[in-house]
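Q: So here's upload-v8.txt (compact mmCIF, C-alpha atoms and all ligand atoms).
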# COMPACT_ATOMS: atom_id res chain seq x y z
CA MET A 5 159.42 69.73 133.56
CA SER A 6 158.67 68.56 137.08
CA ARG A 7 161.44 67.81 139.54
CA TYR A 8 160.33 64.19 139.42
CA ALA A 9 161.11 63.76 135.72
CA PRO A 10 164.11 61.54 135.07
CA THR A 11 166.85 62.77 132.73
CA LYS A 12 165.57 60.64 129.89
CA LEU A 13 162.11 62.23 130.04
CA ASN A 14 163.69 65.68 130.22
CA LYS A 15 165.59 65.01 127.02
CA ILE A 16 162.65 63.77 124.93
CA ALA A 17 161.81 66.07 122.00
CA PRO A 18 158.14 65.29 121.22
CA TYR A 19 156.48 65.58 117.83
CA VAL A 20 154.93 68.97 117.08
CA PRO A 21 151.63 68.51 115.21
CA GLY A 22 150.47 71.08 112.66
CA GLU A 23 148.57 73.88 114.40
CA GLN A 24 144.80 73.62 114.92
CA PRO A 25 143.99 77.20 115.96
CA ARG A 26 140.50 78.05 117.22
CA ASP A 27 140.79 81.87 117.18
CA ARG A 28 138.96 82.22 113.85
CA SER A 29 137.92 79.96 111.02
CA TYR A 30 140.72 79.10 108.62
CA ILE A 31 140.97 77.34 105.31
CA LYS A 32 142.99 74.45 106.66
CA LEU A 33 145.68 73.28 104.25
CA ASN A 34 148.36 72.42 106.81
CA THR A 35 148.00 68.84 108.05
CA ASN A 36 147.29 66.81 104.90
CA GLU A 37 143.79 65.86 105.97
CA ASN A 38 141.28 64.92 103.28
CA PRO A 39 139.06 67.91 102.43
CA TYR A 40 136.09 65.64 101.70
CA TYR A 41 133.77 64.25 104.34
CA THR A 42 134.01 60.77 105.80
CA SER A 43 132.08 58.18 103.73
CA ALA A 44 128.34 58.41 104.47
CA ARG A 45 128.19 54.62 104.67
CA ALA A 46 130.83 54.70 107.38
CA VAL A 47 129.00 57.43 109.27
CA GLU A 48 125.70 55.52 109.11
CA SER A 49 127.33 52.43 110.62
CA ILE A 50 127.44 54.24 113.97
CA THR A 51 123.89 53.51 115.11
CA LYS A 52 122.34 54.12 118.50
CA GLU A 53 122.62 50.40 119.16
CA VAL A 54 126.36 50.54 118.52
CA LEU A 55 126.69 53.51 120.85
CA LYS A 56 124.73 51.82 123.64
CA ASN A 57 127.01 48.82 123.38
CA LEU A 58 130.09 50.86 124.11
CA LYS A 59 129.57 49.37 127.57
CA ARG A 60 131.54 46.44 126.11
CA TYR A 61 135.26 46.50 125.39
CA SER A 62 136.27 46.73 121.76
CA ASP A 63 137.38 43.53 120.04
CA PRO A 64 141.13 43.22 120.80
CA GLU A 65 141.59 41.28 117.54
CA CYS A 66 139.60 43.92 115.65
CA ARG A 67 138.30 41.05 113.53
CA LEU A 68 135.68 42.84 111.42
CA LEU A 69 138.22 45.36 110.22
CA VAL A 70 141.08 42.88 109.82
CA GLU A 71 138.83 40.78 107.58
CA ALA A 72 137.77 43.79 105.50
CA ILE A 73 141.39 44.88 105.01
CA ALA A 74 142.59 41.34 104.18
CA LYS A 75 139.81 40.97 101.63
CA TYR A 76 140.49 44.36 100.06
CA TYR A 77 144.23 43.70 99.60
CA ASN A 78 143.91 39.98 98.89
CA VAL A 79 146.04 38.83 101.84
CA GLN A 80 145.32 36.56 104.84
CA ASN A 81 143.97 37.81 108.18
CA GLU A 82 147.31 36.74 109.71
CA ASN A 83 149.04 39.35 107.54
CA VAL A 84 147.13 42.27 109.07
CA LEU A 85 147.41 44.23 112.31
CA VAL A 86 145.12 47.20 113.00
CA THR A 87 146.48 50.11 115.04
CA ASN A 88 145.40 53.40 116.62
CA GLY A 89 146.49 55.49 113.65
CA SER A 90 149.58 54.53 111.70
CA ASP A 91 151.67 56.48 114.20
CA GLU A 92 150.99 53.65 116.64
CA ALA A 93 152.01 51.12 113.98
CA LEU A 94 155.29 52.99 113.50
CA ALA A 95 155.82 53.06 117.28
CA PHE A 96 155.34 49.28 117.46
CA CYS A 97 157.81 48.80 114.58
CA PHE A 98 160.48 51.05 116.09
CA GLN A 99 160.09 49.29 119.46
CA ALA A 100 160.32 45.87 117.88
CA TYR A 101 163.06 46.42 115.30
CA GLY A 102 164.70 49.79 115.97
CA GLY A 103 167.32 48.51 118.40
CA PHE A 104 169.62 47.41 115.56
CA GLY A 105 169.59 51.00 114.32
CA VAL A 106 167.29 52.74 111.87
CA CYS A 107 167.98 54.66 108.67
CA TYR A 108 165.81 56.98 106.63
CA ALA A 109 165.96 60.11 104.50
CA ASP A 110 167.17 63.43 105.94
CA VAL A 111 163.95 65.04 104.75
CA THR A 112 160.97 62.86 105.69
CA TYR A 113 158.24 62.36 108.31
CA GLY A 114 159.41 64.08 111.52
CA PHE A 115 157.88 61.42 113.74
CA TYR A 116 160.66 58.94 112.85
CA ASP A 117 163.27 61.00 114.74
CA VAL A 118 160.93 61.30 117.71
CA LEU A 119 160.36 57.54 117.87
CA ALA A 120 164.05 56.75 117.37
CA HIS A 121 164.89 58.99 120.30
CA LEU A 122 162.10 57.63 122.49
CA TYR A 123 163.11 54.00 121.90
CA ASP A 124 166.90 54.62 121.84
CA CYS A 125 167.39 53.59 118.22
CA PRO A 126 170.68 54.73 116.66
CA VAL A 127 169.79 56.82 113.57
CA GLU A 128 171.44 57.22 110.19
CA HIS A 129 170.00 59.98 108.02
CA ILE A 130 170.49 59.35 104.32
CA PRO A 131 170.47 62.66 102.39
CA LEU A 132 168.00 63.01 99.54
CA LYS A 133 169.60 63.95 96.24
CA GLU A 134 169.80 67.60 95.21
CA ASP A 135 166.42 67.29 93.48
CA PHE A 136 164.85 65.81 96.67
CA THR A 137 164.52 62.30 95.27
CA ILE A 138 165.67 59.12 97.04
CA CYS A 139 168.61 57.23 95.57
CA ALA A 140 167.61 53.55 95.97
CA ASP A 141 171.22 52.35 95.67
CA GLU A 142 172.06 54.12 98.92
CA TYR A 143 169.55 51.93 100.76
CA LEU A 144 171.00 48.48 100.01
CA GLY A 145 172.61 46.05 102.51
CA LYS A 146 172.02 48.37 105.44
CA LYS A 147 172.02 45.73 108.24
CA LYS A 148 169.65 47.99 110.20
CA THR A 149 165.98 48.82 109.91
CA VAL A 150 165.22 50.85 106.78
CA VAL A 151 162.24 53.23 106.83
CA ILE A 152 160.89 54.76 103.63
CA ALA A 153 157.85 57.00 103.43
CA ASN A 154 156.52 56.42 99.94
CA PRO A 155 155.43 58.87 98.61
CA ASN A 156 157.80 60.77 100.88
CA ALA A 157 156.47 63.12 103.53
CA GLN A 158 157.20 66.84 103.06
CA THR A 159 158.42 66.41 99.45
CA GLY A 160 155.47 64.40 98.06
CA ILE A 161 157.87 62.65 95.68
CA ALA A 162 157.37 58.90 95.15
CA LEU A 163 159.84 56.12 94.49
CA GLY A 164 158.68 53.65 91.80
CA ILE A 165 157.63 50.21 92.98
CA GLU A 166 160.64 48.62 91.19
CA ASP A 167 162.98 50.67 93.38
CA ILE A 168 161.00 49.76 96.50
CA GLU A 169 161.35 46.08 95.57
CA LYS A 170 165.07 46.55 94.92
CA ILE A 171 165.52 48.01 98.43
CA VAL A 172 163.47 45.24 100.08
CA GLU A 173 165.39 42.58 98.16
CA GLY A 174 168.71 44.27 98.97
CA ASN A 175 168.06 44.11 102.73
CA ALA A 176 167.23 40.45 103.35
CA GLU A 177 169.13 40.60 106.69
CA ASN A 178 166.95 43.37 108.12
CA ILE A 179 163.49 44.87 108.15
CA VAL A 180 162.30 47.39 105.56
CA ILE A 181 159.32 49.53 106.63
CA VAL A 182 157.39 51.25 103.84
CA ASP A 183 155.12 53.98 105.24
CA GLN A 184 152.34 54.37 102.70
CA ALA A 185 150.34 57.21 104.24
CA TYR A 186 149.95 58.84 100.80
CA VAL A 187 150.09 55.81 98.50
CA ASP A 188 146.51 56.07 97.21
CA PHE A 189 147.37 59.41 95.61
CA PHE A 190 150.25 57.64 93.83
CA GLY A 191 148.85 54.25 92.92
CA GLN A 192 151.84 51.88 93.21
CA ASN A 193 151.11 49.91 96.37
CA ALA A 194 153.82 47.72 97.98
CA ILE A 195 151.36 45.41 99.78
CA PRO A 196 151.48 42.63 97.12
CA LEU A 197 155.27 42.34 97.76
CA ILE A 198 154.70 40.97 101.28
CA LYS A 199 153.98 37.54 99.76
CA LYS A 200 157.48 37.43 98.30
CA TYR A 201 159.54 39.18 101.00
CA LYS A 202 159.54 38.19 104.67
CA ASN A 203 161.40 41.36 105.72
CA LEU A 204 158.83 43.87 104.42
CA ILE A 205 156.45 45.79 106.69
CA VAL A 206 153.90 48.01 104.96
CA VAL A 207 152.35 50.68 107.20
CA ASN A 208 149.07 52.29 106.12
CA THR A 209 146.52 54.76 107.42
CA PHE A 210 142.84 55.65 107.09
CA SER A 211 143.68 59.28 107.92
CA LYS A 212 144.44 60.67 104.48
CA SER A 213 142.81 58.95 101.50
CA ARG A 214 139.91 57.56 103.59
CA SER A 215 138.92 60.83 105.29
CA LEU A 216 139.22 59.40 108.82
CA ALA A 217 142.06 61.36 110.45
CA GLY A 218 140.00 61.92 113.59
CA ALA A 219 139.12 58.24 113.98
CA ARG A 220 142.77 57.23 114.46
CA ALA A 221 142.88 54.04 112.42
CA GLY A 222 145.95 52.58 110.77
CA PHE A 223 147.15 49.12 109.81
CA VAL A 224 150.19 47.03 109.06
CA VAL A 225 150.42 44.42 106.33
CA ALA A 226 153.38 42.00 106.52
CA ASP A 227 154.41 38.37 106.74
CA SER A 228 152.49 36.60 109.53
CA GLU A 229 155.65 36.12 111.63
CA LEU A 230 156.27 39.87 111.65
CA ILE A 231 152.63 40.49 112.56
CA ALA A 232 153.11 38.06 115.48
CA ASP A 233 156.16 40.08 116.64
CA LEU A 234 154.18 43.30 116.51
CA ASN A 235 151.22 41.73 118.30
CA LYS A 236 153.58 40.92 121.18
CA ILE A 237 154.25 44.63 121.55
CA LYS A 238 150.58 45.53 121.14
CA TYR A 239 149.39 43.10 123.82
CA SER A 240 152.13 44.37 126.14
CA PHE A 241 151.04 47.95 125.67
CA HIS A 242 147.34 48.28 124.86
CA PRO A 243 145.32 45.18 123.95
CA TYR A 244 142.20 47.25 123.08
CA ASN A 245 144.17 49.69 120.97
CA VAL A 246 141.37 50.37 118.48
CA ASN A 247 137.97 51.47 119.78
CA THR A 248 134.69 50.04 118.50
CA LEU A 249 133.59 53.21 116.69
CA SER A 250 136.85 53.62 114.78
CA MET A 251 136.85 49.95 113.85
CA LEU A 252 133.37 50.25 112.32
CA LEU A 253 134.09 53.55 110.60
CA ALA A 254 137.24 52.15 108.99
CA LYS A 255 135.54 48.89 107.96
CA TYR A 256 132.72 50.69 106.18
CA ALA A 257 135.07 53.27 104.70
CA ILE A 258 137.24 50.61 103.07
CA GLU A 259 134.11 48.92 101.71
CA ASP A 260 132.87 52.17 100.15
CA GLU A 261 135.03 51.90 97.03
CA ASP A 262 133.01 54.30 94.87
CA TYR A 263 133.29 57.17 97.31
CA PHE A 264 136.98 56.45 97.88
CA LYS A 265 137.71 56.52 94.13
CA GLU A 266 135.66 59.65 93.58
CA THR A 267 137.41 61.65 96.32
CA VAL A 268 140.93 60.43 95.50
CA GLU A 269 140.41 61.30 91.82
CA LYS A 270 139.14 64.76 92.72
CA ILE A 271 142.18 65.40 94.90
CA ILE A 272 144.56 64.27 92.16
CA ALA A 273 142.81 66.52 89.63
CA THR A 274 143.00 69.49 92.01
CA ARG A 275 146.68 68.72 92.67
CA ARG A 276 147.36 68.96 88.93
CA ARG A 277 145.45 72.20 88.60
CA LEU A 278 147.13 73.79 91.63
CA SER A 279 150.63 72.67 90.56
CA ALA A 280 150.15 74.19 87.09
CA LYS A 281 148.80 77.42 88.56
CA LEU A 282 151.70 77.66 91.02
CA ASN A 283 154.11 77.21 88.12
CA ASP A 284 152.35 80.04 86.30
CA LEU A 285 152.85 82.23 89.35
CA GLY A 286 156.59 81.52 89.27
CA PHE A 287 156.74 78.82 91.95
CA GLU A 288 158.95 75.77 91.80
CA VAL A 289 156.70 72.80 92.71
CA LEU A 290 158.19 69.42 93.55
CA PRO A 291 156.48 66.68 91.51
CA SER A 292 153.90 65.39 93.99
CA SER A 293 152.30 61.93 94.13
CA SER A 294 150.56 62.88 97.38
CA ASN A 295 147.68 65.03 98.63
CA PHE A 296 149.96 68.03 99.14
CA VAL A 297 152.58 70.00 97.24
CA LEU A 298 155.86 71.48 98.43
CA ALA A 299 156.49 74.77 96.64
CA ARG A 300 158.79 77.76 96.78
CA THR A 301 159.24 81.06 95.01
CA PRO A 302 162.32 83.28 94.83
CA LEU A 303 160.01 86.24 95.54
CA ILE A 304 159.13 85.43 99.15
CA ASP A 305 160.67 83.24 101.82
CA GLY A 306 158.74 80.18 103.07
CA GLY A 307 158.25 81.43 106.62
CA LYS A 308 157.02 84.80 105.40
CA LEU A 309 154.64 83.30 102.91
CA TYR A 310 153.22 81.07 105.62
CA SER A 311 152.56 84.16 107.83
CA ARG A 312 151.05 86.22 105.02
CA LEU A 313 148.68 83.37 104.16
CA LYS A 314 147.74 82.92 107.80
CA ASP A 315 146.87 86.64 107.99
CA LYS A 316 144.51 86.00 105.10
CA GLY A 317 142.88 83.06 106.89
CA ILE A 318 144.71 80.25 105.08
CA LEU A 319 146.87 77.79 106.98
CA VAL A 320 149.73 76.02 105.24
CA ARG A 321 152.75 74.34 106.82
CA HIS A 322 156.26 75.71 107.01
CA PHE A 323 159.21 73.63 108.20
CA SER A 324 162.35 75.26 109.56
CA ASP A 325 164.58 72.31 108.57
CA LYS A 326 167.39 73.81 106.52
CA ARG A 327 166.82 71.96 103.27
CA ILE A 328 163.14 72.84 102.98
CA ALA A 329 162.92 76.14 104.90
CA GLY A 330 162.38 78.06 101.66
CA PHE A 331 159.23 76.05 100.86
CA VAL A 332 155.68 75.90 102.09
CA ARG A 333 153.73 72.66 102.14
CA ILE A 334 150.18 73.05 100.91
CA THR A 335 147.57 70.34 101.45
CA ILE A 336 145.24 69.83 98.50
CA GLY A 337 141.84 71.15 99.54
CA THR A 338 138.49 71.31 97.77
CA GLU A 339 138.24 73.17 94.45
CA CYS A 340 136.77 76.11 96.30
CA GLU A 341 139.49 76.21 98.97
CA THR A 342 142.10 75.97 96.22
CA ASP A 343 140.57 78.97 94.41
CA ALA A 344 140.77 80.94 97.64
CA LEU A 345 144.41 79.93 98.08
CA ILE A 346 145.29 80.95 94.53
CA GLY A 347 143.52 84.30 95.01
CA ALA A 348 145.46 84.94 98.22
CA LEU A 349 148.78 84.01 96.59
CA GLU A 350 148.09 86.37 93.70
CA GLU A 351 147.39 89.18 96.14
CA ILE A 352 150.53 88.50 98.18
CA LEU A 353 152.77 88.33 95.11
CA HIS A 354 151.13 91.47 93.69
CA GLU A 355 151.80 93.38 96.93
CA LYS A 356 155.44 92.28 96.69
CA GLY A 357 155.87 93.28 93.06
C1 LIG B 401 150.03 61.42 108.28
C2 LIG B 401 151.18 60.49 108.30
C3 LIG B 401 151.23 59.41 109.18
C4 LIG B 401 150.32 59.30 110.38
O1 LIG B 401 149.08 58.98 110.12
P1 LIG B 401 148.07 58.57 111.26
O2 LIG B 401 147.53 57.29 110.75
O3 LIG B 401 147.07 59.67 111.29
O4 LIG B 401 148.78 58.38 112.56
C5 LIG B 401 152.24 58.48 109.06
N1 LIG B 401 153.21 58.63 108.15
C6 LIG B 401 153.23 59.68 107.32
C7 LIG B 401 154.33 59.79 106.33
C8 LIG B 401 152.22 60.64 107.37
O5 LIG B 401 152.25 61.69 106.58
Represent the structure of the file as structure tokens.
Ligand SMILES: *Cc1c(COP(=O)(O)O)cnc(C)c1O
A:
Amino acid sequence: MSRYAPTKLNKIAPYVPGEQPRDRSYIKLNTNENPYYTSARAVESITKEVLKNLKRYSDPECRLLVEAIAKYYNVQNENVLVTNGSDEALAFCFQAYGGFGVCYADVTYGFYDVLAHLYDCPVEHIPLKEDFTICADEYLGKKKTVVIANPNAQTGIALGIEDIEKIVEGNAENIVIVDQAYVDFFGQNAIPLIKKYKNLIVVNTFSKSRSLAGARAGFVVADSELIADLNKIKYSFHPYNVNTLSMLLAKYAIEDEDYFKETVEKIIATRRRLSAKLNDLGFEVLPSSSNFVLARTPLIDGGKLYSRLKDKGILVRHFSDKRIAGFVRITIGTECETDALIGALEEILHEKG
């Protein structure tokens, strides 16, 4: 830290992204990216003409993409805000509504703690049950902003849409944010509930199920008054928050339904196959509705397994948080990458035994 940094800046504990090492080529199963390429239709939308016109600012209203999203989810344009990744959407939400306090699970997306700290939001962590599920009854009448990643980050476990509705209904005095980064691998989407509940904010991303992590495109769907609140923050921070290329990529990606379905189905099938295989190898695998699995084995500690896999050229994620330190989180890759992972695990366990 420089000597010019104020105390507050000194105290900030920033988010630590999954590693992206360049020292050799790895099978990358550590940051929950989609293993399949970006939609070809999206890629082809970036023509030379588009590139030459980057001399112009991007559309601050991001109209083409807002319209495509509204059409896809059968909501009005006024219900949609596009952001620079869903992390930006979460930042806008914490800035707008975090001051009353925020509450979320003790094991969830690590960025929530970072944002709460940055924006001085008092935090209540609500422990997951022993089996790592969320108890919906513990999220009622909170009188502070409720944040639920559904399916949950790190565990991959989803809460049924009836429980999500129960929580939204049970918090009419405050905002409920549902972070749906992994929802397409689950299937029960909360977006239709925004017509019934004025306190619901649904945060979504193109990074995972739409193979666009590098484009940084996310969006919020909510009642138009909430979108107006969030737009106030956006226009006070970065009016051109989404660049022209990302807007086009996301628009064509959401319109390429066949490719989306094909890749999501493949990932779900691979998730099933990998989970079964891990069980065969003696792992406990949390029941995932996401594009990753959290797994542990009594034979080798999570941190060790992570290192052994890295030695073999396979990157997975290990978290040192007490409750999940015994696990590794494995992103679902292609069939081929998954075969390589299984081979490496068999070798490591064989060496142990
Ligand atoms: C990946 C992830 C995000 C962030 O996605 P971006 O749109 O890439 O910023 C948000 N929430 C959760 C739970 C995630 O796993």
Q: Show me which residues sit within 6 Å of ligand LIG 401 (chain B) when counting all atoms listed in the file, and put them as a list in words.
A: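 Checking all atoms listed in the file against ligand LIG 401 (chain B) at 6 Å gives Gly89, Ser90, Asp91, Tyr113, Ala153, Ala157, Asp183, Ala185, Thr209, Ser211, Ala217, Arg220, Ala221 and Gly222 of chain A.
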Q: Using only C-alpha atoms, which of A:Phe98, A:Phe323, A:Tyr30, A:Tyr108 sits nearest A:Cys139?
A: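 For A:Cys139, the nearest of the given residues is A:Tyr108.
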Q: Considering all atoms listed in the file, return as a list in words whatever protein or nucleic-acid residues lie within 12 Å of A:Asn81, sequence-local ones (same chain, fewer than 6 positions apart) excluded.
A: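 My list of contacting residues is Glu65, Cys66, Arg67, Leu68, Leu69, Val70, Glu71, Ala72, Ile73, Ala74, Lys75, Phe223, Val224, Val225, Ala226, Asp227, Ser228, Ile231 and Ala232 of chain A.
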Q: Go ahead and dump the residues you just picked, C-alpha atoms, as a short mmCIF file (atom, residue, chain, number, x, y, z; two decimals), in the coordinates of the input.
A:
data_model
loop_
_atom_site.label_atom_id
_atom_site.label_comp_id
_atom_site.auth_asym_id
_atom_site.auth_seq_id
_atom_site.Cartn_x
_atom_site.Cartn_y
_atom_site.Cartn_z
CA GLU A 65 141.59 41.28 117.54
CA CYS A 66 139.60 43.92 115.65
CA ARG A 67 138.30 41.05 113.53
CA LEU A 68 135.68 42.84 111.42
CA LEU A 69 138.22 45.36 110.22
CA VAL A 70 141.08 42.88 109.82
CA GLU A 71 138.83 40.78 107.58
CA ALA A 72 137.77 43.79 105.50
CA ILE A 73 141.39 44.88 105.01
CA ALA A 74 142.59 41.34 104.18
CA LYS A 75 139.81 40.97 101.63
CA PHE A 223 147.15 49.12 109.81
CA VAL A 224 150.19 47.03 109.06
CA VAL A 225 150.42 44.42 106.33
CA ALA A 226 153.38 42.00 106.52
CA ASP A 227 154.41 38.37 106.74
CA SER A 228 152.49 36.60 109.53
CA ILE A 231 152.63 40.49 112.56
CA ALA A 232 153.11 38.06 115.48
#
Q: Please measure the separation of atom CA of A:Arg333 and atom CA of A:Val172, giving the value in Å to one decimal.
A: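 Computing it gives 29.2 Å between the two atoms.
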Q: Write out as a PyMOL selection string each polymer residue whose atoms come within 12 Å of A:Pro196, counting all atoms listed in the file; drop sequence neighbours fewer than 5 positions from it.
A: chain A and resi 74+76-80+83+165+168-169+201-202+204-206+225-227
Q: State, in Å with one decimal place, the distance from atom CA of A:Val127 to atom CA of A:Thr87.
A: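 If I compute the distance from atom CA of A:Val127 to atom CA of A:Thr87, I get 24.3 Å.
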Q: Interatomic distance between atom CA of A:Asp305 and atom CA of A:Leu319?
A: 15.7 Å
Q: Determine the nearest neighbour of A:Leu230 from the options A:Ala46, A:Phe189, A:Phe96, A:Asp325, counting only C-alpha atoms.
A: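 Selected residue with least distance to A:Leu230: A:Phe96.
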Q: If we count all atoms listed in the file and set the cut-off at 9 Å, which residues sit around A:Thr267, ignoring sequence neighbours fewer than 6 positions away in its own chain? Please answer as a PyMOL selection string.
A: chain A and resi 38-40+213-214
Q: Could the residues in this selection be written to a file with C-alpha atoms, as a compact mmCIF listing (two decimals), keeping the file's coordinate frame?
A:
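See result.txt below for the written result:
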# COMPACT_ATOMS: atom_id res chain seq x y z
CA ASN A 38 141.28 64.92 103.28
CA PRO A 39 139.06 67.91 102.43
CA TYR A 40 136.09 65.64 101.70
CA SER A 213 142.81 58.95 101.50
CA ARG A 214 139.91 57.56 103.59
Q: Take the point (156.6, 72.6, 89.3) as written in the file and pick out every residue within 10 Å of it, counting only C-alpha atoms; give the list as a list in words.
A: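 Using only C-alpha atoms, the matching residues come out as Arg276, Leu278, Ser279, Ala280, Lys281, Leu282, Asn283, Asp284, Gly286, Phe287, Glu288, Val289, Leu290, Pro291, Ser292, Val297, Leu298, Ala299 and Arg300 of chain A.
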Q: Which one is closest to A:His242: A:Glu142, A:Asn88, A:Asp110, A:Ala344? Count only C-alpha atoms.
A: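 Ranked by minimum distance to A:His242, first place goes to A:Asn88.
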Q: Extract, using only C-alpha atoms, all DNA, RNA and protein residues at most 12 Å from A:Leu122, discarding same-chain residues fewer than 4 positions from it, and format them as a VMD selection string.
A: chain A and resid 12 to 19 95 to 96 98 to 99 102 to 103 115 to 118 126 to 127
Q: Which one of A:Lys265, A:Lys133, A:Lys32, A:His121 sits closest to A:Arg321 if you count only C-alpha atoms?
A: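 Using only C-alpha atoms, the shortest distance to A:Arg321 belongs to A:Lys32.
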Q: Determine, counting only C-alpha atoms, which protein, DNA and RNA residues have an atom within 9 Å of an atom of A:Ile352; residues of the same chain fewer than 6 positions away are not included. Present the result as a PyMOL selection string.
A: chain A and resi 309+312-313
Q: Tell me which of A:Tyr310, A:Tyr263, A:Tyr61, A:Tyr239 sits closest to A:Ser43, counting only C-alpha atoms.
A: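 Looking only at the distances to A:Ser43, the closest residue turns out to be A:Tyr263.
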Q: Looking at only C-alpha atoms, which of A:Ala9, A:Leu234, A:Ala109, A:Leu249 is the one that sits closest to A:Arg60?
A: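 Among A:Ala9, A:Leu234, A:Ala109, A:Leu249, it is A:Leu249 that comes nearest to A:Arg60.
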Q: Name the residues within 9 Å of (150.6, 70.1, 99.3), counting all atoms listed in the file in the file's coordinates, and put them as a PDB file with C-alpha atoms, keeping the file's coordinate frame.
A:
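To be explicit, this is the file written out as selection12.pdb:
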ATOM      1  CA  LEU A  33     145.680  73.280 104.250  1.00  0.00           C
ATOM      2  CA  ASN A  34     148.360  72.420 106.810  1.00  0.00           C
ATOM      3  CA  ASN A  36     147.290  66.810 104.900  1.00  0.00           C
ATOM      4  CA  GLN A 158     157.200  66.840 103.060  1.00  0.00           C
ATOM      5  CA  THR A 159     158.420  66.410  99.450  1.00  0.00           C
ATOM      6  CA  GLY A 160     155.470  64.400  98.060  1.00  0.00           C
ATOM      7  CA  ARG A 275     146.680  68.720  92.670  1.00  0.00           C
ATOM      8  CA  SER A 292     153.900  65.390  93.990  1.00  0.00           C
ATOM      9  CA  SER A 294     150.560  62.880  97.380  1.00  0.00           C
ATOM     10  CA  ASN A 295     147.680  65.030  98.630  1.00  0.00           C
ATOM     11  CA  PHE A 296     149.960  68.030  99.140  1.00  0.00           C
ATOM     12  CA  VAL A 297     152.580  70.000  97.240  1.00  0.00           C
ATOM     13  CA  LEU A 298     155.860  71.480  98.430  1.00  0.00           C
ATOM     14  CA  ALA A 299     156.490  74.770  96.640  1.00  0.00           C
ATOM     15  CA  VAL A 320     149.730  76.020 105.240  1.00  0.00           C
ATOM     16  CA  ARG A 321     152.750  74.340 106.820  1.00  0.00           C
ATOM     17  CA  VAL A 332     155.680  75.900 102.090  1.00  0.00           C
ATOM     18  CA  ARG A 333     153.730  72.660 102.140  1.00  0.00           C
ATOM     19  CA  ILE A 334     150.180  73.050 100.910  1.00  0.00           C
ATOM     20  CA  THR A 335     147.570  70.340 101.450  1.00  0.00           C
ATOM     21  CA  ILE A 336     145.240  69.830  98.500  1.00  0.00           C
ATOM     22  CA  GLY A 337     141.840  71.150  99.540  1.00  0.00           C
TER      23      GLY A 337
END
Q: The centre and edge lengths of an axis-aligned box containing all atoms of stretch 73-86 of chain A present in the file, extended by 3 Å on each side, are to be given in Å to one decimal, as lines of an AutoDock Vina configuration file.
A:
center_x = 144.4
center_y = 41.9
center_z = 105.9
size_x = 15.2
size_y = 16.6
size_z = 20.1
